[in-house]
Amino acid sequence: MYRPNPEKKPLRRALLLQRQVMPQNRWQALSAALRDRLQTLPEWQQTRVVFAYVSHRLEPDILPLAKTEAGQRKVWALPRCQGDDLVWHRWEPGDPLIPGSYGVQEPRHDAPVIVPNAADLLLLPCVGGDRLGYRLGYGGGYYDRLFADLQPKACTIGLCFDFAMLDTLPIDPWDRRLDGFCTETQLLKFAPDGPSRIAVTIKLFAAYQEAFGQSELIWELPRGIAVAQVCDMLIQERPELNRWRSITRFGINLQFVPETTLLRDGDELVLIPPVSGG
């Protein structure tokens with residue numbers, strides 16, 4: 001079974017610490033600026049059903065938008081954690097919220113339920129985001145599971161502060177690109193440049209072939225993944241290969257490439273370690 005990218009955990013910890021030491025008045029000011037910027041998003045202006053969240057641990061505070069003139073014309077839904085999934089309930093300003101899982105304020109269990117495929121706009125809390133469209137969450141997988149139940153036209157926007165927007169994030173095969181990110185100073189929208197995932201053929205030689213018992217793998221991977229990240233995924237499945245990591249060379253379509261090279265749909269990736277025992 002594939003294990004989550006180990007680079008995520010220390011990065012998550014560092015970004016959370018940076019957010020948690022933010023003074024209250026600065027958090028309030030940045031949240032207000034983010035709300036102002038979010039309201040310039042065409043999807044915000046056009047949407048009817050908004051899936052949002054209750055701010056926790058100094059996440060951007062977005063619920064004041066529900067009291068604006070435009071917000072009052074929308075249907076709002078907030079999540080309640082139930083087992084491994086999120087159940088979404090209709091909410092209006094003034095409705096009671098109670099402490100739920102992980103200490104997050106949640107709607108009451110008897111509040112009206114709204115099914116995920118009713119969402120027009122999903123506003124996601126993020127620990128971090130990147131300029132390829134990937135989100136760093138808390139590691140529970142709740143939103144990863146939610147994506148499968150959204151209607152195809154639903155717009156997904158990640159919300160975080162500027163310091164948490166990075167050039168690239170460590171990713172896993174199941175990570176999905178969002179449609180955009182909003183911070184206090186930036187509104188990033190990603191063009192629909194085709195599928196968010198790619199199919200790659202991985203050719204295995206020597207130690208890699210021995211470890212997997214086959215010479216070829218065909219994997220579906222997130223768009224924007226680098227060849228070295230694929231190698232690290234293989235090593236997570238077969239830890240004994242770690243001894244070869246630093247001396248493995250990479251090729252794409254019969255040409256040697258640096259380990260930071262991004263893969264494209266249909267590429268043939270070759271991993272070339274020294275001969276076993278060499």
# chains A, B, ... in the order shown; residues from 1 in each chain; ligands from 1
>>> closest_atom_pairs(of="region 173-267 of chain A", to="region 53-70 of chain A", cutoff="12 Å", atoms="only C-alpha atoms", output="tab-separated table")
residue	atom	partner	partner_atom	distance
A:Cys182	CA	A:Pro60	CA	10.1
A:Thr183	CA	A:Pro60	CA	8.7
A:Glu184	CA	A:Pro60	CA	9.2
>>> write_last_selection(atoms="all heavy atoms", output="mmCIF file, in the first residue's frame")
data_model
loop_
_atom_site.group_PDB
_atom_site.id
_atom_site.type_symbol
_atom_site.label_atom_id
_atom_site.label_comp_id
_atom_site.auth_asym_id
_atom_site.auth_seq_id
_atom_site.Cartn_x
_atom_site.Cartn_y
_atom_site.Cartn_z
ATOM 1 N N CYS A 182 -7.154 31.573 -3.274
ATOM 2 C CA CYS A 182 -7.328 32.974 -2.900
ATOM 3 C C CYS A 182 -6.569 33.227 -1.604
ATOM 4 O O CYS A 182 -6.690 32.466 -0.635
ATOM 5 C CB CYS A 182 -8.811 33.298 -2.727
ATOM 6 S SG CYS A 182 -9.136 35.044 -2.360
ATOM 7 N N THR A 183 -5.752 34.289 -1.600
ATOM 8 C CA THR A 183 -5.064 34.749 -0.396
ATOM 9 C C THR A 183 -5.467 36.202 -0.171
ATOM 10 O O THR A 183 -6.317 36.742 -0.874
ATOM 11 C CB THR A 183 -3.538 34.648 -0.539
ATOM 12 O OG1 THR A 183 -3.072 35.711 -1.384
ATOM 13 C CG2 THR A 183 -3.115 33.306 -1.132
ATOM 14 N N GLU A 184 -4.822 36.852 0.782
ATOM 15 C CA GLU A 184 -5.165 38.251 1.050
ATOM 16 C C GLU A 184 -4.702 39.190 -0.068
ATOM 17 O O GLU A 184 -5.208 40.303 -0.183
ATOM 18 C CB GLU A 184 -4.583 38.703 2.397
ATOM 19 C CG GLU A 184 -3.059 38.827 2.461
ATOM 20 C CD GLU A 184 -2.369 37.520 2.842
ATOM 21 O OE1 GLU A 184 -2.955 36.445 2.636
ATOM 22 O OE2 GLU A 184 -1.236 37.602 3.348
#
>>> residues_around(residues="region 83-95 of chain A", least_positions_apart="6", cutoff="6 Å", atoms="only C-alpha atoms", output="list in words")
Trp76, Ala77, Ala111, Pro112, Val113, Ile114 and Tyr142 of chain A
>>> residues_around(residues="Arg176 (chain A)", least_positions_apart="4", cutoff="10 Å", atoms="only C-alpha atoms", output="list in words")
Gly133, Tyr134, Arg135, Tyr143, Asp144, Phe147, Ile171, Asp172, Ser196, Arg197, Leu221, Pro222 and Arg223 of chain A
>>> closest_residue(among="A:Pro258, A:Pro79, A:Gly137, A:Pro152", to="Gly100 (chain A)", atoms="only C-alpha atoms")
A:Pro79
>>> atom_distance(atom1="CA of Ala14 (chain A)", atom2="CA of Arg177 (chain A)")
22.2 Å
>>> select_by_dssp(residues="region 13-256 of chain A", states="alpha helix (DSSP H)", output="ChimeraX atom specification")
/A:13-20,24-38,42-46,142-147,206-212,227-237
>>> closest_residue(among="A:Pro107, A:Pro173, A:Pro6, A:Gly180", to="Gly224 (chain A)", atoms="only C-alpha atoms")
A:Pro173
>>> closest_residue(among="A:Val104, A:Leu188, A:Ile218, A:Ala154", to="Leu41 (chain A)", atoms="only C-alpha atoms")
A:Leu188
>>> select_by_dssp(residues="region 126-236 of chain A", states="strand (DSSP E or B)", output="NGL selection string")
:A and (128-130 or 135-136 or 155-159 or 165-166 or 180-182 or 187-189 or 197-204 or 216-222 or 226)
>>> write_last_selection(atoms="N, CA, C and O atoms", output="compact mmCIF listing (two decimals), in the first residue's frame")
# COMPACT_ATOMS: atom_id res chain seq x y z
N GLY A 128 -1.55 24.76 3.16
CA GLY A 128 -0.73 25.43 2.15
C GLY A 128 -1.27 25.12 0.77
O GLY A 128 -2.15 24.28 0.58
N GLY A 129 -0.74 25.83 -0.21
CA GLY A 129 -1.10 25.60 -1.61
C GLY A 129 0.09 25.87 -2.49
O GLY A 129 1.11 26.41 -2.03
N ASP A 130 -0.01 25.48 -3.76
CA ASP A 130 1.08 25.80 -4.69
C ASP A 130 0.54 26.32 -6.01
O ASP A 130 -0.67 26.30 -6.28
N ARG A 135 -3.17 21.37 -3.14
CA ARG A 135 -3.47 21.81 -1.77
C ARG A 135 -2.79 20.89 -0.76
O ARG A 135 -2.79 19.67 -0.93
N LEU A 136 -2.24 21.48 0.29
CA LEU A 136 -1.75 20.71 1.43
C LEU A 136 -2.80 20.83 2.53
O LEU A 136 -3.09 21.92 3.02
N CYS A 155 -16.85 24.51 -8.65
CA CYS A 155 -15.57 25.25 -8.60
C CYS A 155 -14.94 25.05 -7.23
O CYS A 155 -15.60 25.27 -6.20
N THR A 156 -13.68 24.65 -7.21
CA THR A 156 -12.96 24.39 -5.97
C THR A 156 -11.88 25.44 -5.76
O THR A 156 -10.96 25.56 -6.57
N ILE A 157 -11.97 26.20 -4.68
CA ILE A 157 -11.04 27.28 -4.40
C ILE A 157 -10.41 27.07 -3.02
O ILE A 157 -11.12 26.98 -2.01
N GLY A 158 -9.09 26.97 -2.97
CA GLY A 158 -8.37 26.85 -1.72
C GLY A 158 -8.10 28.22 -1.11
O GLY A 158 -7.79 29.18 -1.84
N LEU A 159 -8.20 28.31 0.21
CA LEU A 159 -8.01 29.58 0.91
C LEU A 159 -6.86 29.44 1.91
O LEU A 159 -6.85 28.54 2.74
N MET A 165 1.44 30.06 0.42
CA MET A 165 1.41 29.78 -1.01
C MET A 165 2.83 29.57 -1.50
O MET A 165 3.65 30.50 -1.50
N LEU A 166 3.15 28.34 -1.90
CA LEU A 166 4.50 27.96 -2.31
C LEU A 166 4.54 27.71 -3.81
O LEU A 166 3.50 27.58 -4.46
N GLY A 180 -8.51 26.95 -8.21
CA GLY A 180 -7.85 28.20 -7.89
C GLY A 180 -7.52 28.33 -6.42
O GLY A 180 -7.86 27.46 -5.60
N PHE A 181 -6.82 29.41 -6.09
CA PHE A 181 -6.50 29.76 -4.71
C PHE A 181 -6.77 31.24 -4.49
O PHE A 181 -6.61 32.06 -5.42
N CYS A 182 -7.15 31.57 -3.27
CA CYS A 182 -7.33 32.97 -2.90
C CYS A 182 -6.57 33.23 -1.60
O CYS A 182 -6.69 32.47 -0.63
N LEU A 187 -5.41 36.25 -6.25
CA LEU A 187 -6.49 35.38 -6.68
C LEU A 187 -5.97 34.62 -7.89
O LEU A 187 -5.78 35.18 -8.96
N LEU A 188 -5.65 33.35 -7.70
CA LEU A 188 -5.05 32.52 -8.73
C LEU A 188 -6.10 31.60 -9.32
O LEU A 188 -6.75 30.84 -8.58
N LYS A 189 -6.29 31.62 -10.62
CA LYS A 189 -7.18 30.69 -11.30
C LYS A 189 -6.35 29.89 -12.29
O LYS A 189 -5.49 30.44 -12.99
N ARG A 197 -4.65 14.51 -14.20
CA ARG A 197 -3.80 13.35 -13.97
C ARG A 197 -3.22 12.87 -15.29
O ARG A 197 -3.80 13.12 -16.36
N ILE A 198 -2.09 12.20 -15.23
CA ILE A 198 -1.40 11.71 -16.42
C ILE A 198 -1.09 10.22 -16.26
O ILE A 198 -1.01 9.70 -15.14
N ALA A 199 -0.93 9.54 -17.39
CA ALA A 199 -0.54 8.12 -17.38
C ALA A 199 0.92 8.03 -17.82
O ALA A 199 1.31 8.58 -18.85
N VAL A 200 1.72 7.34 -17.03
CA VAL A 200 3.16 7.23 -17.28
C VAL A 200 3.57 5.76 -17.22
O VAL A 200 3.14 5.02 -16.32
N THR A 201 4.37 5.33 -18.19
CA THR A 201 4.96 3.99 -18.16
C THR A 201 6.32 4.06 -17.49
O THR A 201 7.16 4.89 -17.86
N ILE A 202 6.54 3.23 -16.48
CA ILE A 202 7.79 3.23 -15.72
C ILE A 202 8.55 1.95 -16.05
O ILE A 202 8.08 0.85 -15.75
N LYS A 203 9.72 2.12 -16.68
CA LYS A 203 10.56 0.98 -17.03
C LYS A 203 11.53 0.71 -15.87
O LYS A 203 12.23 1.62 -15.41
N LEU A 204 11.58 -0.54 -15.41
CA LEU A 204 12.39 -0.91 -14.26
C LEU A 204 13.55 -1.80 -14.69
O LEU A 204 13.37 -2.72 -15.50
N GLU A 216 8.00 -3.45 -15.93
CA GLU A 216 7.25 -2.27 -16.36
C GLU A 216 6.05 -2.05 -15.45
O GLU A 216 5.36 -2.99 -15.07
N LEU A 217 5.81 -0.79 -15.10
CA LEU A 217 4.62 -0.38 -14.36
C LEU A 217 3.92 0.71 -15.15
O LEU A 217 4.59 1.54 -15.79
N ILE A 218 2.61 0.75 -15.11
CA ILE A 218 1.85 1.85 -15.70
C ILE A 218 1.07 2.50 -14.57
O ILE A 218 0.18 1.89 -13.97
N TRP A 219 1.44 3.74 -14.27
CA TRP A 219 0.83 4.45 -13.14
C TRP A 219 0.08 5.68 -13.63
O TRP A 219 0.50 6.37 -14.57
N GLU A 220 -1.02 5.98 -12.95
CA GLU A 220 -1.71 7.26 -13.14
C GLU A 220 -1.24 8.19 -12.04
O GLU A 220 -1.30 7.85 -10.85
N LEU A 221 -0.75 9.36 -12.42
CA LEU A 221 -0.10 10.27 -11.48
C LEU A 221 -0.65 11.68 -11.63
O LEU A 221 -1.22 12.02 -12.66
N PRO A 222 -0.46 12.53 -10.61
CA PRO A 222 -0.91 13.92 -10.72
C PRO A 222 -0.09 14.68 -11.76
O PRO A 222 1.13 14.49 -11.87
N ALA A 226 7.36 15.40 -10.69
CA ALA A 226 8.72 15.29 -11.20
C ALA A 226 9.20 13.84 -11.14
O ALA A 226 8.69 13.03 -10.36
